[in-house]
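Engineer: Structure file start-v4.cif (mmCIF, C-alpha atoms) right here:
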```cif
data_start
#
loop_
_atom_site.label_atom_id
_atom_site.label_comp_id
_atom_site.auth_asym_id
_atom_site.auth_seq_id
_atom_site.Cartn_x
_atom_site.Cartn_y
_atom_site.Cartn_z
CA MET A 1270 0.00 0.00 0.00
CA ILE A 1271 1.34 3.42 -0.94
CA ARG A 1272 1.50 6.06 1.74
CA ALA A 1273 2.29 9.35 0.11
CA GLY A 1274 2.00 12.96 1.07
CA VAL A 1275 3.26 16.41 0.32
CA ASP A 1276 6.47 17.49 2.03
CA LYS A 1277 5.44 20.56 4.01
CA ASN A 1278 9.04 21.78 4.18
CA SER A 1279 9.01 22.44 0.46
CA LEU A 1280 7.84 25.96 -0.30
CA SER A 1281 8.78 26.29 -3.94
CA SER A 1282 7.07 23.30 -5.52
CA VAL A 1283 5.17 20.16 -4.64
CA LYS A 1284 7.45 17.46 -3.24
CA TYR A 1285 6.13 13.97 -2.63
CA LEU A 1286 6.92 11.82 0.39
CA ILE A 1287 6.40 8.12 -0.36
CA GLU A 1288 6.41 5.01 1.82
CA ASP A 1289 5.96 1.46 0.56
CA TYR A 1290 7.70 -1.94 0.39
CA GLN A 1291 9.66 -1.29 3.62
CA VAL A 1292 11.30 1.91 2.35
CA VAL A 1293 10.60 5.61 2.74
CA LEU A 1294 11.39 8.04 -0.06
CA ARG A 1295 11.94 11.49 1.38
CA PRO A 1296 12.59 14.53 -0.84
CA ILE A 1297 16.23 15.51 -0.47
CA VAL A 1298 17.15 18.53 1.63
CA LYS A 1299 20.36 20.53 1.75
CA SER A 1300 21.81 18.53 4.65
CA ASP A 1301 21.62 15.37 2.48
CA ILE A 1302 23.77 16.57 -0.36
CA GLU A 1303 27.21 15.74 1.07
CA GLN A 1304 26.14 12.15 1.73
CA LEU A 1305 24.76 11.98 -1.81
CA ARG A 1306 28.02 13.35 -3.19
CA LEU A 1307 30.09 10.79 -1.27
CA TRP A 1308 27.94 7.95 -2.62
CA ARG A 1309 27.89 9.41 -6.13
CA ASN A 1310 31.70 9.67 -6.16
CA SER A 1311 32.24 6.18 -4.69
CA ALA A 1312 33.84 3.71 -7.08
CA THR A 1313 30.92 1.28 -7.04
CA VAL A 1314 28.35 3.94 -7.98
CA GLN A 1315 30.50 6.10 -10.24
CA ALA A 1316 31.51 3.13 -12.40
CA HIS A 1317 27.91 2.72 -13.61
CA MET A 1318 27.11 6.39 -14.21
CA LEU A 1319 26.91 7.84 -17.72
CA ASP A 1320 28.85 10.87 -16.42
CA GLN A 1321 31.80 9.56 -14.40
CA ARG A 1322 33.42 12.88 -13.51
CA GLU A 1323 34.22 13.51 -9.85
CA ILE A 1324 31.69 15.92 -8.31
CA THR A 1325 33.04 18.69 -6.07
CA ALA A 1326 31.23 20.10 -3.05
CA ALA A 1327 30.69 23.38 -4.92
CA GLN A 1328 29.20 21.58 -7.94
CA GLN A 1329 26.94 19.61 -5.64
CA ALA A 1330 25.69 22.75 -3.90
CA GLU A 1331 25.06 24.40 -7.27
CA TRP A 1332 23.17 21.34 -8.47
CA PHE A 1333 20.98 21.32 -5.37
CA GLU A 1334 20.12 25.01 -5.76
CA LYS A 1335 19.08 24.32 -9.34
CA ILE A 1336 16.94 21.26 -8.77
CA GLN A 1337 15.10 22.32 -5.65
CA HIS A 1338 13.14 24.90 -7.62
CA ASP A 1339 12.76 22.73 -10.70
CA GLU A 1340 9.31 21.20 -11.12
CA ARG A 1341 10.58 18.99 -13.96
CA GLU A 1342 12.59 16.75 -11.66
CA GLN A 1343 12.59 15.44 -8.12
CA HIS A 1344 15.18 13.56 -6.08
CA TRP A 1345 14.54 11.44 -3.00
CA LEU A 1346 16.71 9.98 -0.28
CA ILE A 1347 15.86 6.30 0.27
CA PHE A 1348 15.48 5.18 3.88
CA PHE A 1349 15.47 1.53 4.91
CA ARG A 1350 15.16 0.65 8.60
CA ASP A 1351 15.45 4.38 9.34
CA LYS A 1352 18.85 4.72 7.65
CA PRO A 1353 19.61 6.37 4.30
CA ILE A 1354 20.81 3.82 1.73
CA GLY A 1355 20.63 5.57 -1.64
CA SER A 1356 18.82 7.94 -3.93
CA ILE A 1357 16.15 7.75 -6.60
CA ASN A 1358 14.94 10.44 -8.99
CA LEU A 1359 12.41 11.34 -11.64
CA LYS A 1360 12.90 13.76 -14.53
CA CYS A 1361 10.49 14.88 -17.22
CA VAL A 1362 11.41 13.73 -20.72
CA ASP A 1363 9.74 16.75 -22.25
CA ASP A 1364 11.17 20.11 -21.12
CA SER A 1365 7.72 21.71 -21.28
CA SER A 1366 6.22 19.28 -18.75
CA VAL A 1367 6.20 19.30 -14.97
CA LEU A 1368 6.26 16.10 -12.94
CA GLY A 1369 2.73 16.52 -11.72
CA SER A 1370 1.35 16.17 -15.25
CA ALA A 1371 4.11 14.42 -17.24
CA LYS A 1372 3.16 11.32 -19.22
CA THR A 1373 6.70 10.03 -19.74
CA VAL A 1374 9.54 10.37 -17.24
CA PHE A 1375 13.14 9.30 -16.83
CA ALA A 1376 13.90 7.35 -13.66
CA GLY A 1377 17.29 7.00 -12.03
CA LEU A 1378 18.43 5.06 -8.98
CA TYR A 1379 21.55 4.18 -7.07
CA ILE A 1380 22.05 2.33 -3.81
CA GLY A 1381 24.98 4.00 -2.07
CA GLU A 1382 25.28 1.79 0.98
CA PRO A 1383 27.40 -1.23 0.00
CA ALA A 1384 25.48 -3.57 2.31
CA TYR A 1385 22.34 -3.10 0.20
CA GLN A 1386 23.79 -2.89 -3.30
CA ALA A 1387 23.40 -6.63 -3.77
CA ASN A 1388 20.19 -7.16 -1.85
CA ILE A 1389 16.59 -7.78 -2.83
CA ILE A 1390 15.65 -4.51 -1.03
CA ALA A 1391 17.22 -2.63 -3.97
CA PHE A 1392 13.94 -3.25 -5.82
CA ALA A 1393 11.82 -1.58 -3.14
CA PRO A 1394 12.50 2.10 -4.00
CA SER A 1395 11.63 1.53 -7.66
CA LEU A 1396 8.46 -0.38 -6.80
CA ALA A 1397 7.37 2.36 -4.37
CA LEU A 1398 8.08 5.18 -6.81
CA TYR A 1399 6.66 3.48 -9.91
CA ASP A 1400 3.46 2.51 -8.11
CA PHE A 1401 3.10 6.11 -6.98
CA CYS A 1402 3.70 7.47 -10.48
CA PHE A 1403 1.29 5.07 -12.20
CA GLU A 1404 -1.42 5.34 -9.55
CA CYS A 1405 -1.19 8.93 -8.29
CA LEU A 1406 0.41 10.94 -11.12
CA SER A 1407 -0.23 11.02 -14.86
CA VAL A 1408 2.76 8.85 -15.79
CA THR A 1409 2.13 6.16 -18.40
CA ARG A 1410 5.72 5.37 -19.39
CA PHE A 1411 9.19 5.35 -17.87
CA LYS A 1412 12.38 5.72 -19.86
CA ALA A 1413 15.97 5.06 -18.82
CA VAL A 1414 19.41 4.94 -20.39
CA VAL A 1415 21.86 2.33 -19.10
CA LYS A 1416 25.48 1.72 -20.02
CA ALA A 1417 25.71 -1.48 -22.07
CA SER A 1418 28.48 -2.65 -19.74
CA ASN A 1419 26.18 -2.39 -16.73
CA GLN A 1420 24.66 -5.85 -16.96
CA ALA A 1421 23.42 -5.73 -13.36
CA ALA A 1422 21.32 -2.64 -14.11
CA LEU A 1423 20.01 -4.14 -17.34
CA ASN A 1424 18.97 -7.29 -15.46
CA TYR A 1425 17.43 -5.18 -12.71
CA ASN A 1426 15.38 -3.12 -15.14
CA GLU A 1427 14.34 -6.17 -17.13
CA ARG A 1428 13.00 -7.63 -13.88
CA LEU A 1429 10.82 -4.53 -13.51
CA GLY A 1430 9.45 -5.05 -17.02
CA TYR A 1431 11.59 -2.64 -19.04
CA ARG A 1432 12.25 -3.51 -22.69
CA VAL A 1433 15.11 -2.41 -24.87
CA VAL A 1434 14.19 0.05 -27.64
CA GLY A 1435 17.60 1.09 -28.94
CA GLY A 1436 21.13 2.14 -28.28
CA ASP A 1437 24.59 0.67 -28.52
CA ALA A 1438 27.11 1.73 -25.86
CA GLU A 1439 24.18 3.29 -24.02
CA ILE A 1440 21.03 1.18 -24.05
CA GLU A 1441 17.64 2.91 -24.17
CA ILE A 1442 14.87 1.11 -22.33
CA VAL A 1443 11.19 1.83 -21.69
CA LEU A 1444 8.58 0.57 -19.27
CA ASP A 1445 4.81 0.71 -19.70
CA ARG A 1446 2.30 0.08 -16.96
CA ALA A 1447 1.02 -3.24 -18.28
CA ALA A 1448 4.51 -4.73 -18.49
CA TYR A 1449 5.36 -3.36 -15.06
CA THR A 1450 2.24 -4.86 -13.51
CA GLU A 1451 2.82 -8.22 -15.16
CA SER A 1452 6.50 -8.37 -14.22
CA THR A 1453 6.43 -7.26 -10.61
CA GLY A 1454 3.54 -9.07 -8.95
CA ALA A 1455 5.62 -11.75 -7.24
CA LEU A 1456 8.34 -9.30 -6.27
CA LYS A 1457 5.81 -6.95 -4.70
CA ALA A 1458 4.23 -9.81 -2.76
CA LEU A 1459 7.64 -10.82 -1.43
CA LEU A 1460 8.41 -7.29 -0.23
CA SER A 1461 4.94 -6.72 1.22
CA ARG A 1462 4.80 -9.53 3.72
CA GLY A 1463 4.34 -8.82 7.38
CA THR A 1464 7.23 -7.43 9.36
CA GLY A 1465 7.81 -6.61 12.98
CA ARG A 1466 9.36 -3.30 12.03
CA SER A 1467 7.78 -0.05 10.95
CA ASN A 1468 9.15 2.88 9.06
CA ILE A 1469 8.10 6.31 10.21
CA LEU A 1470 7.41 9.10 7.78
CA ARG A 1471 9.71 11.97 8.53
CA MET B 424 16.03 -38.78 15.21
CA ASN B 425 18.48 -37.39 17.78
CA THR B 426 19.61 -33.75 17.81
CA ILE B 427 22.88 -34.38 15.96
CA ASP B 428 21.12 -36.35 13.23
CA ALA B 429 18.46 -33.64 12.93
CA VAL B 430 21.09 -30.93 12.56
CA GLU B 431 22.93 -32.94 9.90
CA SER B 432 19.66 -33.59 8.12
CA ASN B 433 18.73 -29.91 8.20
CA THR B 434 22.11 -28.94 6.78
CA GLN B 435 21.65 -31.42 3.95
CA LYS B 436 18.10 -30.20 3.32
CA LEU B 437 19.29 -26.60 3.21
CA THR B 438 22.03 -27.43 0.74
CA GLN B 439 19.56 -29.31 -1.44
CA ALA B 440 17.07 -26.42 -1.24
CA PHE B 441 19.71 -24.02 -2.57
CA CYS B 442 20.66 -26.53 -5.30
CA ASP B 443 17.04 -26.93 -6.38
CA ALA B 444 16.10 -23.25 -6.24
CA LEU B 445 19.24 -21.84 -7.85
CA GLU B 446 19.97 -24.83 -10.09
CA ILE B 447 23.55 -25.15 -8.84
CA THR B 448 25.60 -28.09 -7.58
CA GLN B 449 26.16 -29.03 -3.94
CA GLY B 450 29.81 -28.08 -4.33
CA GLU B 451 28.78 -24.48 -5.03
CA VAL B 452 26.84 -24.16 -1.78
CA SER B 453 28.87 -22.65 1.07
CA ASP B 454 28.04 -20.24 3.88
CA GLU B 455 29.72 -17.45 1.89
CA LEU B 456 27.59 -17.91 -1.24
CA ALA B 457 25.64 -14.63 -1.53
CA TYR B 458 22.77 -13.10 -3.47
CA ASN B 459 23.74 -11.62 -6.83
CA THR B 460 27.31 -12.96 -6.69
CA ILE B 461 26.46 -15.71 -9.16
CA LYS B 462 24.17 -15.30 -12.13
CA GLN B 463 21.90 -18.10 -10.91
CA TRP B 464 21.02 -16.22 -7.69
CA ASP B 465 19.12 -13.27 -9.10
CA SER B 466 15.84 -11.74 -7.93
CA THR B 467 13.69 -14.37 -9.64
CA ALA B 468 15.71 -17.22 -8.14
CA HIS B 469 15.52 -15.47 -4.77
CA MET B 470 11.74 -15.73 -4.85
CA VAL B 471 11.97 -19.42 -5.77
CA LEU B 472 14.50 -19.92 -2.98
CA VAL B 473 12.23 -18.33 -0.36
CA ALA B 474 9.37 -20.59 -1.44
CA GLU B 475 11.66 -23.65 -1.38
CA LEU B 476 12.98 -22.92 2.11
CA GLU B 477 9.46 -22.32 3.41
CA SER B 478 8.31 -25.61 1.93
CA VAL B 479 11.28 -27.69 3.09
CA PHE B 480 11.35 -26.34 6.65
CA ASP B 481 7.61 -25.64 7.02
CA VAL B 482 8.10 -22.00 8.02
CA LEU B 483 6.70 -18.67 6.80
CA LEU B 484 9.36 -15.99 6.50
CA ASP B 485 8.44 -12.36 7.01
CA THR B 486 9.71 -9.55 4.80
CA ASP B 487 12.61 -8.72 7.08
CA ASP B 488 13.81 -12.31 6.76
CA VAL B 489 13.39 -12.25 2.98
CA ILE B 490 15.54 -9.10 2.81
CA ASP B 491 18.16 -10.40 5.25
CA LEU B 492 18.43 -13.72 3.43
CA SER B 493 21.49 -12.52 1.55
CA SER B 494 23.76 -15.58 1.85
CA VAL B 495 23.69 -19.26 2.78
CA GLY B 496 25.12 -18.38 6.19
CA LYS B 497 22.38 -15.79 6.70
CA ALA B 498 19.77 -18.37 5.71
CA LYS B 499 20.99 -20.61 8.53
CA THR B 500 20.84 -17.74 11.02
CA ILE B 501 17.30 -16.83 9.94
CA LEU B 502 16.03 -20.42 10.02
CA GLU B 503 17.55 -20.90 13.47
CA LYS B 504 15.12 -18.22 14.70
CA TYR B 505 12.37 -20.60 13.61
CA GLY B 506 13.88 -23.48 15.58
CA VAL B 507 15.79 -25.13 12.74
CA GLY B 508 19.32 -26.17 13.84
CA PHE B 509 22.38 -26.43 11.59
CA GLN B 510 25.97 -27.62 11.70
CA ARG B 511 28.31 -24.67 12.33
#
```
Hey, can you dump this file as structure tokens for me?

Structural biologist:
Amino acid sequence: MIRAGVDKNSLSSVKYLIEDYQVVLRPIVKSDIEQLRLWRNSATVQAHMLDQREITAAQQAEWFEKIQHDEREQHWLIFFRDKPIGSINLKCVDDSSVLGSAKTVFAGLYIGEPAYQANIIAFAPSLALYDFCFECLSVTRFKAVVKASNQAALNYNERLGYRVVGGDAEIEIVLDRAAYTESTGALKALLSRGTGRSNILR
Amino acid sequence: MNTIDAVESNTQKLTQAFCDALEITQGEVSDELAYNTIKQWDSTAHMVLVAELESVFDVLLDTDDVIDLSSVGKAKTILEKYGVGFQR
């Protein structure tokens, strides 16, 4: 079950707070950006990024200033068992759209905490966000671009129902709702069983 | 069956469960074998593995256990919570 709400700390645009499949997706705030930068510059994350340049603290601060007022994209910090483990984001494909009404969006994800990079929980943030987008927003299609050398990401996205539509060194993939629904039923059931723990919306 | 025999039997059943779910040989099953470190143990196989362990040991794992089940050694630790003993 999706629990979603509007982040009241956001004054400039609507930011969504999402909880499902044992994870909480909280819109990023300024105090998060150094942790994000450390993860983003770590060898295990950087190796799979399309842009592999080292990010400086100044560049990170500039990026945050830009995106926090941008209604065409949103970035979340992923919490599992009350600890941040990675980041997930949405961006409009069409520059004239805003996330609240976009039909097609780009999705991006990385798990920064090594303990969870090879763990079934890595699917939870995508399931939570995609459910929210299909059920609560106007999204009908996701797009992503993955390096051809990143077989783990290709396998991951295939598991979610993505299909390849083009590309060579960088593979273009798309996901429609029907394929997503068909592909993820068992995975969702596995990550929706009872648990003694509870995540608390921040 | 005495306790030692039961523990040996459980260890064998666990090994066989991993072999059946992941379609690997007994020689590939060790405590260190971990999720996503071999191509056979992907997310789909993980779901099959959970079902196999639940069937073999007659338990129902909760989501925390499913998430923590990240290696053969972890599987033993989790199943021990449900009263299933293993050789260590």

Engineer: Taking 2 positions as the minimum chain separation for residues in the same chain, which residues sit within 9 Å of A:Met1318 when counting all atoms listed in the file? Answer as a tab-separated table (two decimals) with C-alpha atoms, in the frame of the given file.

Structural biologist:
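Written out: result-v8.tsv:
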```tsv
chain	number	residue	atom	x	y	z
A	1309	ARG	CA	27.89	9.41	-6.13
A	1314	VAL	CA	28.35	3.94	-7.98
A	1315	GLN	CA	30.50	6.10	-10.24
A	1316	ALA	CA	31.51	3.13	-12.40
A	1320	ASP	CA	28.85	10.87	-16.42
A	1321	GLN	CA	31.80	9.56	-14.40
A	1415	VAL	CA	21.86	2.33	-19.10
A	1416	LYS	CA	25.48	1.72	-20.02
```

Engineer: Identify which of the residues B:Leu483, B:Ile501, B:Ile461, B:Thr434 lies closest to B:Ile447, counting only C-alpha atoms when measuring atom-to-atom distances.

Structural biologist: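 Comparing B:Leu483, B:Ile501, B:Ile461, B:Thr434 against B:Ile447, the winner is B:Ile461.
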
Engineer: In the coordinates of the file, take the point (11.4, -25.5, 1.1) and a cut-off of 12 Å; then, counting all atoms listed in the file, name each qualifying protein, DNA or RNA residue as a list in words.

Structural biologist: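 Checked against the point, the hits come out as Asn433, Lys436, Leu437, Thr438, Gln439, Ala440, Phe441, Cys442, Asp443, Ala444, Met470, Val471, Leu472, Val473, Ala474, Glu475, Leu476, Glu477, Ser478, Val479, Phe480, Asp481, Val482, Leu483, Leu484, Ala498 and Leu502 of chain B.
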
Engineer: To test your reading of the syntax: which residues would the PyMOL selection byres ((chain B) within 10 of (chain A)) return for the file shown? Reply as a ChimeraX atom specification.

Structural biologist: /B:457-460,462,465-467,469-470,473-474,483-494

Engineer: Translate the PyMOL selection byres ((chain A and resi 1308) around 10), as applied to the file shown, into an explicit residue set as a PyMOL selection string.

Structural biologist: chain A and resi 1302-1307+1309-1315+1354-1356+1379-1383

Engineer: Quick one, how far is atom CA of A:Asp1445 from atom CA of A:Leu1368?

Structural biologist: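 About the pair atom CA of A:Asp1445 and atom CA of A:Leu1368: they are 16.9 Å apart.
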
Engineer: Report, in Å with one decimal, the straight-line distance from atom CA of B:Asp428 to atom CA of B:Gly506.

Structural biologist: 15.0 Å
